[in-house]
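Heads up, the thing below is written out as structure tokens.
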Amino acid sequence: METSTRSARRAGSVSTGRGVPILAPAHRAALDPALLDVVEYRKSGLSVNWIVGCPLDCGYCVRHLFGNFDMKVPRALVDDRAAFDLLVNHRFFQPGLTPVQLLNRATDPMLPPVKPHTFAMLRMLDDAGLDNHVLVITRWRVDEADCAALNELRNIRVTLLVTHSGIDDARIEPVDSAVAAASLRTAFAHARRYRVILYWRPIVPGLNDSDAHLAQAMDLRAHAHAAVFTGLFYRAQIRDYYQQHGLPEPYPQTARRKVFPERLEQRILTAESAVGGAPLLRKTSCAVAYAHSLADYNGHVGVDELCDICPATQLDRCTRDRTRPRDGQVAAMAAELGGRLVGIDSHAVTVAGLDEQRRYLMQHTLGYQVHDVAKPHHRHRHGRADLGWPAPHPSARETPA
Ligand code: SF4
């Protein structure tokens, strides 16, 4: 015990006696302050990240944005109970409404040392009688025992999203995509109380978009309740990593939003129509909602060009569930959060002066898109980067982000 405590201290951690050790204060101080924010509101839900560090080495990992890519051994910021308390007492958490994501920023929730903590959190949420969506995203191994544990949960609506890219350049993605494919098959074969999504990403031209790659992903849809396809976040820090390591740069410039060229999307949709399988959707929350036979909690049906690939039953569900919010209600909500209402139309609420987290709170509460007047989107581009899309037609309506 004495010895293990000493060696844990050398590794910058304090042993709690079980599971991932808590990061020692001196090492916490060295982390990007954003990583210390255990609960953060993102588009797919309140994201709970109480464990940091991952050995899987995906070259495009968002941990580059936090200067955390070199932390290969997972360490906890707080224990599981404290993380649960931070979530359910968060000022934006609403029982039965707020979608939740577990450990999706700086580690993989199914890594062997992390997995017990993931399941501990799932059980605490379930034991609290909450029926919120809970998203678990992994590219690692899911076995039958994991499926059995997920099937024991009674209240929360769990969605397991299995990330599969098919990238076979080990410099960019050292983990063989066969691992994720096997996890998907296992998870889907045993799913009773939870739903499984093929999370096909990042799809990058010239890297994993050959006809063979597309066919492989299409086939995997037979092992999922729904599938999402999406592109790559190509931010400056990720470009720097690619350059420093001599990796082929996927795009000539970086972008704030995910990059997903129009032509690639068209090829994928053409390939999809040729074979059967779970529907392909553009947005994570759409796939989660469809898999649970519920309306999309982000109100994407307001961005109608997103829905042209969605099954008719789902389109009907989302359309029926959507109610245009009242001006007074939304103005009061925006003002209380420190911003102001700019306008409401049949597509979205537009606000000013609210950061992403507050806009997501409004969006999930209203079930209606909430856009920032300062960040315009181009119609038909689905909130993606301009890279790979032709210049907007002068007559095209611009919608705010
Ligand atoms: S109908 Fe539209 S909003 Fe609803 S799940 Fe489908 S794509 Fe998403």
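Here's how to read the names in the structure tokens: chain A, B, ... by the order shown, residue numbers from 1 in each chain, ligand numbers from 1 in the order shown.
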
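Selecting strand (DSSP E) from the backbone DSSP output for range 233-369 of chain A yields A:Leu280, A:Leu281, A:Arg340, A:Leu341, A:Val342, A:Gly343, A:Ile344, A:Val349, A:Thr350, A:Val351, A:Ala352.
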
Just C-alpha atoms for this one: save the residues we selected as a PDB file, in the first residue's frame.
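File written: out_29.pdb
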```
ATOM      1  CA  LEU A 280     -27.902   7.616 -42.117  1.00  0.00           C
ATOM      2  CA  LEU A 281     -28.442  10.958 -40.421  1.00  0.00           C
ATOM      3  CA  ARG A 340     -31.518  39.282 -25.861  1.00  0.00           C
ATOM      4  CA  LEU A 341     -33.983  37.883 -28.335  1.00  0.00           C
ATOM      5  CA  VAL A 342     -33.434  39.093 -31.894  1.00  0.00           C
ATOM      6  CA  GLY A 343     -36.306  37.244 -33.517  1.00  0.00           C
ATOM      7  CA  ILE A 344     -38.194  33.995 -34.019  1.00  0.00           C
ATOM      8  CA  VAL A 349     -34.896  31.535 -32.512  1.00  0.00           C
ATOM      9  CA  THR A 350     -32.147  34.103 -33.051  1.00  0.00           C
ATOM     10  CA  VAL A 351     -30.432  35.627 -30.043  1.00  0.00           C
ATOM     11  CA  ALA A 352     -27.572  37.985 -29.321  1.00  0.00           C
TER      12      ALA A 352
END
```

May I have the residues within 8 Å of ligand 1, computed using only C-alpha atoms and all ligand atoms, as a ChimeraX atom specification? /A:281-283,285-287,289-290,295-296,298-304,306-312,314-319

Written file, previous selection with N, CA and C atoms, as a CSV table (one decimal), in the first residue's frame:
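Dumped everything to out.csv:
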```csv
chain,number,residue,atom,x,y,z
A,281,LEU,N,-28.0,9.6,-40.8
A,281,LEU,CA,-28.4,11.0,-40.4
A,281,LEU,C,-27.3,11.9,-40.3
A,282,ARG,N,-27.5,13.2,-40.4
A,282,ARG,CA,-26.4,14.1,-40.4
A,282,ARG,C,-26.0,14.6,-38.9
A,283,LYS,N,-27.0,14.5,-38.0
A,283,LYS,CA,-26.7,15.1,-36.7
A,283,LYS,C,-26.8,14.0,-35.6
A,285,SER,N,-27.8,14.2,-32.5
A,285,SER,CA,-29.1,14.1,-31.7
A,285,SER,C,-30.2,13.5,-32.5
A,286,CYS,N,-30.2,13.7,-33.9
A,286,CYS,CA,-31.2,13.1,-34.7
A,286,CYS,C,-31.1,11.6,-34.7
A,287,ALA,N,-29.9,11.1,-34.7
A,287,ALA,CA,-29.7,9.6,-34.6
A,287,ALA,C,-30.2,9.1,-33.3
A,289,ALA,N,-32.3,10.4,-31.2
A,289,ALA,CA,-33.8,10.6,-31.1
A,289,ALA,C,-34.4,9.5,-31.9
A,290,TYR,N,-34.0,9.3,-33.2
A,290,TYR,CA,-34.6,8.2,-34.0
A,290,TYR,C,-34.5,6.9,-33.4
A,295,ALA,N,-38.7,12.5,-30.8
A,295,ALA,CA,-38.3,13.7,-31.7
A,295,ALA,C,-37.0,14.2,-31.3
A,296,ASP,N,-36.3,14.8,-32.3
A,296,ASP,CA,-35.0,15.4,-32.0
A,296,ASP,C,-35.0,16.5,-31.0
A,298,ASN,N,-32.8,18.7,-30.4
A,298,ASN,CA,-32.2,20.0,-30.9
A,298,ASN,C,-33.1,20.8,-31.8
A,299,GLY,N,-34.3,20.2,-32.2
A,299,GLY,CA,-35.2,20.9,-33.0
A,299,GLY,C,-34.6,21.1,-34.4
A,300,HIS,N,-33.8,20.2,-34.9
A,300,HIS,CA,-33.2,20.3,-36.3
A,300,HIS,C,-34.3,20.4,-37.4
A,301,VAL,N,-35.5,19.9,-37.1
A,301,VAL,CA,-36.5,19.9,-38.1
A,301,VAL,C,-36.8,21.4,-38.6
A,302,GLY,N,-36.3,22.4,-37.8
A,302,GLY,CA,-36.4,23.7,-38.3
A,302,GLY,C,-35.5,24.1,-39.4
A,303,VAL,N,-34.4,23.3,-39.5
A,303,VAL,CA,-33.4,23.5,-40.6
A,303,VAL,C,-33.8,22.4,-41.6
A,304,ASP,N,-34.8,22.7,-42.4
A,304,ASP,CA,-35.5,21.6,-43.1
A,304,ASP,C,-34.7,20.8,-44.0
A,306,LEU,N,-32.0,19.6,-43.5
A,306,LEU,CA,-31.3,18.5,-42.8
A,306,LEU,C,-32.1,17.2,-42.9
A,307,CYS,N,-33.4,17.3,-43.0
A,307,CYS,CA,-34.4,16.2,-42.8
A,307,CYS,C,-34.7,15.5,-44.1
A,308,ASP,N,-34.1,15.9,-45.2
A,308,ASP,CA,-34.4,15.2,-46.5
A,308,ASP,C,-33.9,13.8,-46.5
A,309,ILE,N,-33.1,13.3,-45.6
A,309,ILE,CA,-32.6,11.9,-45.6
A,309,ILE,C,-33.2,11.1,-44.5
A,310,CYS,N,-34.1,11.7,-43.7
A,310,CYS,CA,-34.7,11.1,-42.5
A,310,CYS,C,-35.9,10.2,-42.9
A,311,PRO,N,-36.1,9.1,-42.2
A,311,PRO,CA,-37.3,8.3,-42.5
A,311,PRO,C,-38.6,9.1,-42.3
A,312,ALA,N,-39.6,8.9,-43.1
A,312,ALA,CA,-40.8,9.7,-43.1
A,312,ALA,C,-41.5,9.6,-41.7
A,314,GLN,N,-40.0,9.4,-38.8
A,314,GLN,CA,-39.3,10.3,-37.9
A,314,GLN,C,-39.6,11.8,-38.2
A,315,LEU,N,-39.6,12.1,-39.5
A,315,LEU,CA,-39.9,13.5,-39.9
A,315,LEU,C,-41.3,13.9,-39.4
A,316,ASP,N,-42.2,13.0,-39.5
A,316,ASP,CA,-43.6,13.2,-38.9
A,316,ASP,C,-43.5,13.5,-37.4
A,317,ARG,N,-42.7,12.6,-36.7
A,317,ARG,CA,-42.6,12.7,-35.3
A,317,ARG,C,-42.0,14.1,-34.9
A,318,CYS,N,-40.9,14.5,-35.5
A,318,CYS,CA,-40.3,15.7,-35.2
A,318,CYS,C,-41.2,16.9,-35.5
A,319,THR,N,-41.9,16.8,-36.6
A,319,THR,CA,-42.7,17.9,-37.1
A,319,THR,C,-43.9,18.1,-36.1
```

Correct to one decimal, the distance CA of Phe188 in chain A-CA of His292 in chain A is 13.8 Å

Residues within 6 Å of range 82-98 of chain A, only C-alpha atoms, excluding chain neighbours under 3 positions, as a CSV table (one decimal) with C-alpha atoms, in the first residue's frame:
```
chain,number,residue,atom,x,y,z
A,79,ASP,CA,-14.4,11.0,-7.7
A,131,ASP,CA,-34.9,9.3,-17.6
A,132,ASN,CA,-32.7,11.7,-19.4
```

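Restricting the calculation to only C-alpha atoms, the smallest distance between Val179 in chain A and any of A:Ala148, A:Leu135, A:Leu207, A:Leu56 is found for A:Leu56.
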
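Look at His190 in chain A: the protein and nucleic acid residues within 10 Å of it, using only C-alpha atoms and passing over chain neighbours fewer than 4 places away, are Asp143, Glu144, Ala145, Asp146, Cys147, Ala148, Leu150, Asn151, Arg185, Thr186, Tyr194, Arg195 and Val196 of chain A.
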
Using the selection just defined, write its residues with N, CA and C atoms as a short mmCIF file (atom, residue, chain, number, x, y, z; two decimals), in the first residue's frame.
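Result file selection-v7.cif:
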```cif
data_model
loop_
_atom_site.label_atom_id
_atom_site.label_comp_id
_atom_site.auth_asym_id
_atom_site.auth_seq_id
_atom_site.Cartn_x
_atom_site.Cartn_y
_atom_site.Cartn_z
N ASP A 143 -17.92 -5.50 -24.64
CA ASP A 143 -18.11 -6.96 -24.60
C ASP A 143 -19.51 -7.30 -24.07
N GLU A 144 -19.78 -8.60 -24.01
CA GLU A 144 -21.13 -9.02 -23.61
C GLU A 144 -21.46 -8.61 -22.19
N ALA A 145 -20.46 -8.62 -21.31
CA ALA A 145 -20.72 -8.21 -19.92
C ALA A 145 -21.13 -6.73 -19.87
N ASP A 146 -20.51 -5.93 -20.72
CA ASP A 146 -20.90 -4.50 -20.78
C ASP A 146 -22.35 -4.37 -21.22
N CYS A 147 -22.70 -5.16 -22.23
CA CYS A 147 -24.08 -5.10 -22.74
C CYS A 147 -25.07 -5.51 -21.64
N ALA A 148 -24.71 -6.55 -20.90
CA ALA A 148 -25.59 -7.01 -19.82
C ALA A 148 -25.78 -5.91 -18.78
N LEU A 150 -25.52 -2.69 -19.27
CA LEU A 150 -26.36 -1.63 -19.86
C LEU A 150 -27.82 -2.03 -19.87
N ASN A 151 -28.07 -3.32 -20.12
CA ASN A 151 -29.46 -3.78 -20.15
C ASN A 151 -30.12 -3.78 -18.77
N ARG A 185 -21.00 -4.63 -33.45
CA ARG A 185 -21.76 -5.88 -33.66
C ARG A 185 -22.21 -6.46 -32.32
N THR A 186 -21.30 -6.51 -31.37
CA THR A 186 -21.63 -7.07 -30.05
C THR A 186 -22.72 -6.24 -29.37
N TYR A 194 -31.01 -0.44 -24.33
CA TYR A 194 -30.25 0.72 -24.84
C TYR A 194 -30.22 0.67 -26.36
N ARG A 195 -29.74 1.73 -26.98
CA ARG A 195 -29.68 1.81 -28.44
C ARG A 195 -28.24 2.01 -28.89
N VAL A 196 -27.98 1.58 -30.11
CA VAL A 196 -26.61 1.58 -30.63
C VAL A 196 -26.55 2.39 -31.93
#
```

A:Phe119, A:Met218, A:Pro250, A:Asp345 ranked by distance to Asp327 in chain A, top pick (using only C-alpha atoms): A:Asp345

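A straight line drawn from CA of Lys43 in chain A to CA of Arg358 in chain A is 10.4 Å long.
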
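Across the model, the gap from CA of Tyr234 in chain A to CA of Gln266 in chain A is 20.9 Å.
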
For Arg154 in chain A, find every residue with an atom within 12 Å (counting only C-alpha atoms), except residues of its own chain fewer than 6 positions away, and show them as a PyMOL selection string. chain A and resi 122-132+192-194

Can I get the selection written as a short mmCIF file (atom, residue, chain, number, x, y, z; two decimals), in the first residue's frame, with N, CA and C atoms?
```
data_model
loop_
_atom_site.label_atom_id
_atom_site.label_comp_id
_atom_site.auth_asym_id
_atom_site.auth_seq_id
_atom_site.Cartn_x
_atom_site.Cartn_y
_atom_site.Cartn_z
N LEU A 122 -23.40 5.73 -14.69
CA LEU A 122 -24.68 5.30 -15.28
C LEU A 122 -25.61 4.78 -14.19
N ARG A 123 -25.06 4.00 -13.28
CA ARG A 123 -25.92 3.43 -12.21
C ARG A 123 -26.43 4.52 -11.28
N MET A 124 -25.58 5.50 -10.98
CA MET A 124 -26.05 6.58 -10.10
C MET A 124 -27.18 7.37 -10.75
N LEU A 125 -27.03 7.64 -12.03
CA LEU A 125 -28.08 8.38 -12.74
C LEU A 125 -29.36 7.55 -12.78
N ASP A 126 -29.19 6.26 -13.02
CA ASP A 126 -30.34 5.37 -13.11
C ASP A 126 -31.02 5.23 -11.74
N ASP A 127 -30.22 5.06 -10.71
CA ASP A 127 -30.77 4.91 -9.36
C ASP A 127 -31.49 6.17 -8.90
N ALA A 128 -31.12 7.30 -9.47
CA ALA A 128 -31.80 8.55 -9.11
C ALA A 128 -33.16 8.67 -9.80
N GLY A 129 -33.48 7.68 -10.63
CA GLY A 129 -34.80 7.66 -11.28
C GLY A 129 -34.88 8.60 -12.47
N LEU A 130 -33.73 9.08 -12.95
CA LEU A 130 -33.73 10.02 -14.09
C LEU A 130 -33.98 9.27 -15.39
N ASP A 131 -34.74 9.90 -16.29
CA ASP A 131 -34.94 9.25 -17.59
C ASP A 131 -34.37 10.10 -18.73
N ASN A 132 -33.37 10.88 -18.41
CA ASN A 132 -32.71 11.71 -19.44
C ASN A 132 -31.99 10.81 -20.45
N ARG A 192 -31.07 -4.46 -25.59
CA ARG A 192 -32.50 -4.53 -25.24
C ARG A 192 -32.96 -3.19 -24.66
N ARG A 193 -32.28 -2.73 -23.62
CA ARG A 193 -32.70 -1.50 -22.95
C ARG A 193 -31.98 -0.26 -23.48
N TYR A 194 -31.01 -0.44 -24.33
CA TYR A 194 -30.25 0.72 -24.84
C TYR A 194 -30.22 0.67 -26.36
#
```

Please report, as JSON, numbers by chain, each residue of range 150-193 of chain A to which DSSP assigns helix (DSSP H, G or I) when run on this structure's backbone. {"A": [150, 151, 177, 178, 179, 180, 181, 182, 183, 184, 185, 186, 187, 188, 189, 190]}

Take the selection from the previous step and output its residues with N, CA and C atoms, as a PDB file, in the first residue's frame.
```
ATOM      1  N   LEU A 150     -25.517  -2.691 -19.274  1.00  0.00           N
ATOM      2  CA  LEU A 150     -26.356  -1.626 -19.859  1.00  0.00           C
ATOM      3  C   LEU A 150     -27.824  -2.035 -19.867  1.00  0.00           C
ATOM      4  N   ASN A 151     -28.072  -3.317 -20.118  1.00  0.00           N
ATOM      5  CA  ASN A 151     -29.463  -3.785 -20.148  1.00  0.00           C
ATOM      6  C   ASN A 151     -30.117  -3.778 -18.769  1.00  0.00           C
ATOM      7  N   SER A 177      -9.694  -0.100 -36.906  1.00  0.00           N
ATOM      8  CA  SER A 177     -11.142   0.116 -36.911  1.00  0.00           C
ATOM      9  C   SER A 177     -11.924  -1.182 -36.707  1.00  0.00           C
ATOM     10  N   ALA A 178     -11.257  -2.312 -36.854  1.00  0.00           N
ATOM     11  CA  ALA A 178     -11.923  -3.591 -36.603  1.00  0.00           C
ATOM     12  C   ALA A 178     -12.364  -3.697 -35.134  1.00  0.00           C
ATOM     13  N   VAL A 179     -11.666  -3.009 -34.254  1.00  0.00           N
ATOM     14  CA  VAL A 179     -12.053  -3.020 -32.830  1.00  0.00           C
ATOM     15  C   VAL A 179     -13.452  -2.416 -32.683  1.00  0.00           C
ATOM     16  N   ALA A 180     -13.637  -1.256 -33.301  1.00  0.00           N
ATOM     17  CA  ALA A 180     -14.944  -0.592 -33.205  1.00  0.00           C
ATOM     18  C   ALA A 180     -16.017  -1.401 -33.924  1.00  0.00           C
ATOM     19  N   ALA A 181     -15.664  -1.991 -35.049  1.00  0.00           N
ATOM     20  CA  ALA A 181     -16.652  -2.785 -35.786  1.00  0.00           C
ATOM     21  C   ALA A 181     -17.130  -3.962 -34.931  1.00  0.00           C
ATOM     22  N   ALA A 182     -16.196  -4.604 -34.235  1.00  0.00           N
ATOM     23  CA  ALA A 182     -16.575  -5.728 -33.375  1.00  0.00           C
ATOM     24  C   ALA A 182     -17.448  -5.242 -32.211  1.00  0.00           C
ATOM     25  N   SER A 183     -17.105  -4.091 -31.657  1.00  0.00           N
ATOM     26  CA  SER A 183     -17.904  -3.537 -30.547  1.00  0.00           C
ATOM     27  C   SER A 183     -19.329  -3.254 -31.009  1.00  0.00           C
ATOM     28  N   LEU A 184     -19.423  -2.689 -32.196  1.00  0.00           N
ATOM     29  CA  LEU A 184     -20.748  -2.352 -32.734  1.00  0.00           C
ATOM     30  C   LEU A 184     -21.598  -3.619 -32.874  1.00  0.00           C
ATOM     31  N   ARG A 185     -21.001  -4.631 -33.452  1.00  0.00           N
ATOM     32  CA  ARG A 185     -21.759  -5.881 -33.658  1.00  0.00           C
ATOM     33  C   ARG A 185     -22.215  -6.458 -32.316  1.00  0.00           C
ATOM     34  N   THR A 186     -21.297  -6.506 -31.367  1.00  0.00           N
ATOM     35  CA  THR A 186     -21.629  -7.070 -30.048  1.00  0.00           C
ATOM     36  C   THR A 186     -22.722  -6.243 -29.372  1.00  0.00           C
ATOM     37  N   ALA A 187     -22.532  -4.942 -29.375  1.00  0.00           N
ATOM     38  CA  ALA A 187     -23.487  -4.064 -28.680  1.00  0.00           C
ATOM     39  C   ALA A 187     -24.875  -4.191 -29.302  1.00  0.00           C
ATOM     40  N   PHE A 188     -24.925  -4.215 -30.609  1.00  0.00           N
ATOM     41  CA  PHE A 188     -26.230  -4.275 -31.283  1.00  0.00           C
ATOM     42  C   PHE A 188     -26.897  -5.638 -31.061  1.00  0.00           C
ATOM     43  N   ALA A 189     -26.097  -6.678 -31.106  1.00  0.00           N
ATOM     44  CA  ALA A 189     -26.664  -8.030 -30.957  1.00  0.00           C
ATOM     45  C   ALA A 189     -27.323  -8.216 -29.599  1.00  0.00           C
ATOM     46  N   HIS A 190     -26.848  -7.498 -28.583  1.00  0.00           N
ATOM     47  CA  HIS A 190     -27.362  -7.707 -27.219  1.00  0.00           C
ATOM     48  C   HIS A 190     -28.231  -6.562 -26.717  1.00  0.00           C
TER      49      HIS A 190
END
```

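Counting only C-alpha atoms and comparing A:Ala106, A:Met362, A:Val134, A:Leu214, the residue that lies closest to Arg157 in chain A is A:Val134.
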
Which residues come within 12 Å of Val175 in chain A, counting only C-alpha atoms, excluding same-chain residues fewer than 3 positions away, as a PyMOL selection string? chain A and resi 55-59+139-141+163-172+178-181

Any chance you could export the current selection's N, CA and C atoms as a compact mmCIF listing (two decimals), in the first residue's frame?
```txt
# COMPACT_ATOMS: atom_id res chain seq x y z
N PRO A 55 -4.76 6.79 -24.05
CA PRO A 55 -3.60 6.25 -24.77
C PRO A 55 -3.88 5.94 -26.24
N LEU A 56 -5.05 6.24 -26.75
CA LEU A 56 -5.41 5.72 -28.08
C LEU A 56 -4.78 6.49 -29.24
N ASP A 57 -4.31 7.72 -28.99
CA ASP A 57 -3.45 8.42 -29.95
C ASP A 57 -4.07 8.74 -31.30
N CYS A 58 -5.35 9.03 -31.38
CA CYS A 58 -5.94 9.45 -32.65
C CYS A 58 -5.36 10.83 -33.00
N GLY A 59 -4.78 10.95 -34.19
CA GLY A 59 -4.07 12.17 -34.54
C GLY A 59 -4.95 13.40 -34.57
N ARG A 139 -14.71 4.23 -29.05
CA ARG A 139 -14.14 3.51 -30.18
C ARG A 139 -13.42 2.25 -29.67
N TRP A 140 -13.60 1.96 -28.38
CA TRP A 140 -12.86 0.86 -27.78
C TRP A 140 -13.76 -0.37 -27.65
N ARG A 141 -13.32 -1.32 -26.86
CA ARG A 141 -13.99 -2.63 -26.84
C ARG A 141 -15.28 -2.59 -26.00
N THR A 163 -17.72 4.86 -32.42
CA THR A 163 -16.99 5.62 -33.43
C THR A 163 -16.20 4.68 -34.33
N HIS A 164 -16.47 4.76 -35.61
CA HIS A 164 -15.76 3.93 -36.59
C HIS A 164 -15.42 4.82 -37.78
N SER A 165 -14.13 4.84 -38.14
CA SER A 165 -13.73 5.70 -39.26
C SER A 165 -13.29 4.88 -40.47
N GLY A 166 -12.77 3.69 -40.22
CA GLY A 166 -12.18 2.92 -41.33
C GLY A 166 -10.82 3.46 -41.74
N ILE A 167 -10.28 4.45 -41.04
CA ILE A 167 -8.96 5.00 -41.39
C ILE A 167 -7.92 3.90 -41.19
N ASP A 168 -7.14 3.63 -42.24
CA ASP A 168 -6.14 2.58 -42.09
C ASP A 168 -4.71 3.11 -42.10
N ASP A 169 -4.55 4.41 -41.99
CA ASP A 169 -3.23 5.00 -41.83
C ASP A 169 -2.93 5.05 -40.33
N ALA A 170 -2.06 4.14 -39.88
CA ALA A 170 -1.81 4.01 -38.43
C ALA A 170 -1.14 5.25 -37.85
N ARG A 171 -0.58 6.11 -38.69
CA ARG A 171 0.01 7.34 -38.15
C ARG A 171 -1.09 8.28 -37.67
N ILE A 172 -2.25 8.17 -38.28
CA ILE A 172 -3.36 9.06 -37.92
C ILE A 172 -4.29 8.39 -36.92
N ALA A 178 -11.26 -2.31 -36.85
CA ALA A 178 -11.92 -3.59 -36.60
C ALA A 178 -12.36 -3.70 -35.13
N VAL A 179 -11.67 -3.01 -34.25
CA VAL A 179 -12.05 -3.02 -32.83
C VAL A 179 -13.45 -2.42 -32.68
N ALA A 180 -13.64 -1.26 -33.30
CA ALA A 180 -14.94 -0.59 -33.20
C ALA A 180 -16.02 -1.40 -33.92
N ALA A 181 -15.66 -1.99 -35.05
CA ALA A 181 -16.65 -2.78 -35.79
C ALA A 181 -17.13 -3.96 -34.93
```
